[in-house]
Amino acid sequence: MIAHGPIFQLCWVVRDMAAAQRQFSERYGVAKWFTIPDVRFGPELCELHGAPADYTITVGLGYAGGQQLELIEPRGGVSLYSEHLDRVGPGLHHAAWVPTDFDSALDEAQAAGIEVLARGKFDGVGMEFAYLDGGPIGSCFELMRLSEDMKAMFDAMIPEGFANPWQ
């Protein structure tokens, strides 16, 4: 089994971060957002379809109850997110898990013939990711490796009374 347990994150690709955050706050009760503008992923740490990638995105993170929601607005370059906007427009992009053993989960996916669409890391932050093709299910799935510092950051964001999957 490549991933099991609760889904950590659901992500939507959006054209307008501020408008999407307003909608999610009004309609789904996201009380606050942590927004990181213009995050650059360069070719030294990121790839798309097996080739070096260079793109910029704005990221918004919030919680609806205990569920982390991520909004991504492509800002420049070709990425899995800009491809999604070009292909289908704004909408649900992926579900993400934080497997106990990221490397084994990724190896298992590749052994099963599942294509790794994109992968990369936030250098110095302690986060690595790989997007897997959803095949006939559609969309894609993300596997994440999080450092203890990243987990602590997300734990500080989750509303009282809820817990992230690793707790």
# chains A, B, ... in the order shown; residues from 1 in each chain; ligands from 1

$ closest_atom_pairs --of "range 80-157 of chain A" --to "range 1-11 of chain A" --cutoff "7 Å" --atoms "only C-alpha atoms" --output "tab-separated table"
residue	atom	partner	partner_atom	distance
A:Leu92	CA	A:Cys11	CA	5.9
A:His93	CA	A:Cys11	CA	5.5
A:His94	CA	A:Cys11	CA	5.4
A:Ala95	CA	A:Leu10	CA	4.6
A:Ala96	CA	A:Gln9	CA	5.0
A:Trp97	CA	A:Phe8	CA	5.2
A:Val98	CA	A:Phe8	CA	6.7
A:Pro99	CA	A:Ala3	CA	6.0
A:Ala105	CA	A:Ile2	CA	4.9
A:Glu108	CA	A:Ile2	CA	6.1
A:Ala109	CA	A:Ile2	CA	6.2

$ residues_around --residues "Glu44 in chain A" --least-positions-apart "3" --cutoff "12 Å" --atoms "only C-alpha atoms" --output "PyMOL selection string"
chain A and resi 40-41+47-48+51-55+119-123

$ write_last_selection --atoms "C-alpha atoms" --output "mmCIF file, in the first residue's frame"
data_model
loop_
_atom_site.group_PDB
_atom_site.id
_atom_site.type_symbol
_atom_site.label_atom_id
_atom_site.label_comp_id
_atom_site.auth_asym_id
_atom_site.auth_seq_id
_atom_site.Cartn_x
_atom_site.Cartn_y
_atom_site.Cartn_z
ATOM 1 C CA ARG A 40 10.329 29.810 -6.697
ATOM 2 C CA PHE A 41 11.164 26.229 -7.531
ATOM 3 C CA GLU A 47 11.560 18.449 -11.926
ATOM 4 C CA LEU A 48 8.463 18.146 -14.080
ATOM 5 C CA ALA A 51 13.112 17.193 -16.675
ATOM 6 C CA PRO A 52 14.384 20.150 -14.628
ATOM 7 C CA ALA A 53 11.611 22.651 -13.880
ATOM 8 C CA ASP A 54 11.663 26.357 -13.092
ATOM 9 C CA TYR A 55 8.455 27.980 -11.888
ATOM 10 C CA ARG A 119 8.990 16.157 -7.611
ATOM 11 C CA GLY A 120 11.113 18.553 -5.669
ATOM 12 C CA LYS A 121 12.115 19.973 -2.336
ATOM 13 C CA PHE A 122 12.072 23.173 -0.362
ATOM 14 C CA ASP A 123 15.780 23.575 0.292
#

$ select_by_dssp --residues "chain A" --states "helix (DSSP H, G or I)" --output "MDAnalysis selection string"
chainID A and resid 17:28 80:88 102:111 135:137 148:157

$ select_by_dssp --residues "range 35-150 of chain A" --states "strand (DSSP E or B)" --output "ChimeraX atom specification"
/A:35-41,46-48,51-52,55-64,67-76,91-97,116-122,127-133,140-146

$ closest_residue --among "A:Gly124, A:Pro136, A:Gly113, A:Gly60" --to "Asp16 in chain A" --atoms "only C-alpha atoms"
A:Gly60

$ closest_residue --among "A:Phe154, A:Tyr131, A:Tyr28, A:Trp166" --to "Leu80 in chain A" --atoms "only C-alpha atoms"
A:Tyr131

$ decode --residues "range 84-111 of chain A" --atoms "N, CA, C and O atoms" --output "PDB file, in the first residue's frame"
ATOM      1  N   HIS A  84      -2.499  22.229 -15.095  1.00  0.00           N
ATOM      2  CA  HIS A  84      -3.865  21.973 -14.639  1.00  0.00           C
ATOM      3  C   HIS A  84      -4.790  23.119 -15.054  1.00  0.00           C
ATOM      4  O   HIS A  84      -5.883  22.880 -15.579  1.00  0.00           O
ATOM      5  N   LEU A  85      -4.351  24.361 -14.823  1.00  0.00           N
ATOM      6  CA  LEU A  85      -5.163  25.516 -15.223  1.00  0.00           C
ATOM      7  C   LEU A  85      -5.404  25.522 -16.727  1.00  0.00           C
ATOM      8  O   LEU A  85      -6.527  25.779 -17.184  1.00  0.00           O
ATOM      9  N   ASP A  86      -4.380  25.229 -17.508  1.00  0.00           N
ATOM     10  CA  ASP A  86      -4.514  25.215 -18.970  1.00  0.00           C
ATOM     11  C   ASP A  86      -5.446  24.098 -19.434  1.00  0.00           C
ATOM     12  O   ASP A  86      -6.209  24.281 -20.386  1.00  0.00           O
ATOM     13  N   ARG A  87      -5.381  22.951 -18.771  1.00  0.00           N
ATOM     14  CA  ARG A  87      -6.138  21.771 -19.199  1.00  0.00           C
ATOM     15  C   ARG A  87      -7.592  21.811 -18.745  1.00  0.00           C
ATOM     16  O   ARG A  87      -8.493  21.552 -19.530  1.00  0.00           O
ATOM     17  N   VAL A  88      -7.832  22.137 -17.469  1.00  0.00           N
ATOM     18  CA  VAL A  88      -9.199  22.042 -16.925  1.00  0.00           C
ATOM     19  C   VAL A  88      -9.672  23.287 -16.194  1.00  0.00           C
ATOM     20  O   VAL A  88     -10.812  23.347 -15.768  1.00  0.00           O
ATOM     21  N   GLY A  89      -8.793  24.251 -16.000  1.00  0.00           N
ATOM     22  CA  GLY A  89      -9.168  25.451 -15.260  1.00  0.00           C
ATOM     23  C   GLY A  89      -8.973  25.249 -13.772  1.00  0.00           C
ATOM     24  O   GLY A  89      -8.406  24.249 -13.326  1.00  0.00           O
ATOM     25  N   PRO A  90      -9.452  26.197 -12.969  1.00  0.00           N
ATOM     26  CA  PRO A  90      -9.284  26.100 -11.519  1.00  0.00           C
ATOM     27  C   PRO A  90     -10.019  24.884 -10.971  1.00  0.00           C
ATOM     28  O   PRO A  90     -11.032  24.460 -11.530  1.00  0.00           O
ATOM     29  N   GLY A  91      -9.518  24.341  -9.878  1.00  0.00           N
ATOM     30  CA  GLY A  91     -10.224  23.232  -9.249  1.00  0.00           C
ATOM     31  C   GLY A  91      -9.316  22.352  -8.415  1.00  0.00           C
ATOM     32  O   GLY A  91      -8.123  22.617  -8.253  1.00  0.00           O
ATOM     33  N   LEU A  92      -9.922  21.302  -7.889  1.00  0.00           N
ATOM     34  CA  LEU A  92      -9.202  20.354  -7.041  1.00  0.00           C
ATOM     35  C   LEU A  92      -8.051  19.743  -7.834  1.00  0.00           C
ATOM     36  O   LEU A  92      -8.244  19.241  -8.942  1.00  0.00           O
ATOM     37  N   HIS A  93      -6.862  19.802  -7.265  1.00  0.00           N
ATOM     38  CA  HIS A  93      -5.668  19.335  -7.959  1.00  0.00           C
ATOM     39  C   HIS A  93      -5.138  18.024  -7.394  1.00  0.00           C
ATOM     40  O   HIS A  93      -4.808  17.108  -8.142  1.00  0.00           O
ATOM     41  N   HIS A  94      -5.028  17.931  -6.061  1.00  0.00           N
ATOM     42  CA  HIS A  94      -4.461  16.706  -5.488  1.00  0.00           C
ATOM     43  C   HIS A  94      -4.866  16.512  -4.037  1.00  0.00           C
ATOM     44  O   HIS A  94      -5.299  17.438  -3.367  1.00  0.00           O
ATOM     45  N   ALA A  95      -4.717  15.277  -3.606  1.00  0.00           N
ATOM     46  CA  ALA A  95      -4.784  14.901  -2.188  1.00  0.00           C
ATOM     47  C   ALA A  95      -3.375  14.486  -1.802  1.00  0.00           C
ATOM     48  O   ALA A  95      -2.649  13.897  -2.610  1.00  0.00           O
ATOM     49  N   ALA A  96      -2.977  14.812  -0.566  1.00  0.00           N
ATOM     50  CA  ALA A  96      -1.602  14.524  -0.143  1.00  0.00           C
ATOM     51  C   ALA A  96      -1.573  13.694   1.135  1.00  0.00           C
ATOM     52  O   ALA A  96      -2.381  13.908   2.038  1.00  0.00           O
ATOM     53  N   TRP A  97      -0.622  12.792   1.180  1.00  0.00           N
ATOM     54  CA  TRP A  97      -0.335  11.985   2.361  1.00  0.00           C
ATOM     55  C   TRP A  97       1.090  12.257   2.814  1.00  0.00           C
ATOM     56  O   TRP A  97       1.953  12.594   1.999  1.00  0.00           O
ATOM     57  N   VAL A  98       1.335  12.039   4.091  1.00  0.00           N
ATOM     58  CA  VAL A  98       2.685  12.096   4.652  1.00  0.00           C
ATOM     59  C   VAL A  98       3.004  10.676   5.121  1.00  0.00           C
ATOM     60  O   VAL A  98       2.720  10.299   6.259  1.00  0.00           O
ATOM     61  N   PRO A  99       3.562   9.845   4.222  1.00  0.00           N
ATOM     62  CA  PRO A  99       3.843   8.461   4.618  1.00  0.00           C
ATOM     63  C   PRO A  99       4.937   8.403   5.683  1.00  0.00           C
ATOM     64  O   PRO A  99       5.821   9.257   5.727  1.00  0.00           O
ATOM     65  N   THR A 100       4.875   7.369   6.492  1.00  0.00           N
ATOM     66  CA  THR A 100       5.892   7.160   7.513  1.00  0.00           C
ATOM     67  C   THR A 100       7.270   7.018   6.867  1.00  0.00           C
ATOM     68  O   THR A 100       8.253   7.532   7.371  1.00  0.00           O
ATOM     69  N   ASP A 101       7.336   6.325   5.737  1.00  0.00           N
ATOM     70  CA  ASP A 101       8.592   6.129   5.015  1.00  0.00           C
ATOM     71  C   ASP A 101       8.410   6.626   3.578  1.00  0.00           C
ATOM     72  O   ASP A 101       7.933   5.896   2.704  1.00  0.00           O
ATOM     73  N   PHE A 102       8.756   7.869   3.352  1.00  0.00           N
ATOM     74  CA  PHE A 102       8.592   8.517   2.051  1.00  0.00           C
ATOM     75  C   PHE A 102       9.288   7.737   0.942  1.00  0.00           C
ATOM     76  O   PHE A 102       8.703   7.478  -0.113  1.00  0.00           O
ATOM     77  N   ASP A 103      10.557   7.355   1.162  1.00  0.00           N
ATOM     78  CA  ASP A 103      11.325   6.658   0.123  1.00  0.00           C
ATOM     79  C   ASP A 103      10.685   5.333  -0.257  1.00  0.00           C
ATOM     80  O   ASP A 103      10.576   5.008  -1.440  1.00  0.00           O
ATOM     81  N   SER A 104      10.244   4.560   0.728  1.00  0.00           N
ATOM     82  CA  SER A 104       9.601   3.271   0.436  1.00  0.00           C
ATOM     83  C   SER A 104       8.293   3.461  -0.310  1.00  0.00           C
ATOM     84  O   SER A 104       7.977   2.704  -1.236  1.00  0.00           O
ATOM     85  N   ALA A 105       7.509   4.472   0.087  1.00  0.00           N
ATOM     86  CA  ALA A 105       6.243   4.741  -0.598  1.00  0.00           C
ATOM     87  C   ALA A 105       6.490   5.119  -2.055  1.00  0.00           C
ATOM     88  O   ALA A 105       5.804   4.627  -2.963  1.00  0.00           O
ATOM     89  N   LEU A 106       7.486   5.945  -2.297  1.00  0.00           N
ATOM     90  CA  LEU A 106       7.814   6.345  -3.659  1.00  0.00           C
ATOM     91  C   LEU A 106       8.350   5.165  -4.462  1.00  0.00           C
ATOM     92  O   LEU A 106       7.959   4.960  -5.621  1.00  0.00           O
ATOM     93  N   ASP A 107       9.199   4.348  -3.861  1.00  0.00           N
ATOM     94  CA  ASP A 107       9.701   3.135  -4.529  1.00  0.00           C
ATOM     95  C   ASP A 107       8.555   2.199  -4.896  1.00  0.00           C
ATOM     96  O   ASP A 107       8.528   1.632  -5.991  1.00  0.00           O
ATOM     97  N   GLU A 108       7.611   2.037  -3.968  1.00  0.00           N
ATOM     98  CA  GLU A 108       6.469   1.157  -4.225  1.00  0.00           C
ATOM     99  C   GLU A 108       5.619   1.680  -5.375  1.00  0.00           C
ATOM    100  O   GLU A 108       5.170   0.907  -6.234  1.00  0.00           O
ATOM    101  N   ALA A 109       5.409   2.982  -5.417  1.00  0.00           N
ATOM    102  CA  ALA A 109       4.630   3.573  -6.508  1.00  0.00           C
ATOM    103  C   ALA A 109       5.327   3.329  -7.852  1.00  0.00           C
ATOM    104  O   ALA A 109       4.689   2.903  -8.829  1.00  0.00           O
ATOM    105  N   GLN A 110       6.628   3.562  -7.889  1.00  0.00           N
ATOM    106  CA  GLN A 110       7.367   3.367  -9.136  1.00  0.00           C
ATOM    107  C   GLN A 110       7.399   1.898  -9.542  1.00  0.00           C
ATOM    108  O   GLN A 110       7.284   1.581 -10.725  1.00  0.00           O
ATOM    109  N   ALA A 111       7.519   0.992  -8.569  1.00  0.00           N
ATOM    110  CA  ALA A 111       7.507  -0.440  -8.869  1.00  0.00           C
ATOM    111  C   ALA A 111       6.153  -0.883  -9.430  1.00  0.00           C
ATOM    112  O   ALA A 111       6.078  -1.824 -10.217  1.00  0.00           O
TER     113      ALA A 111
END
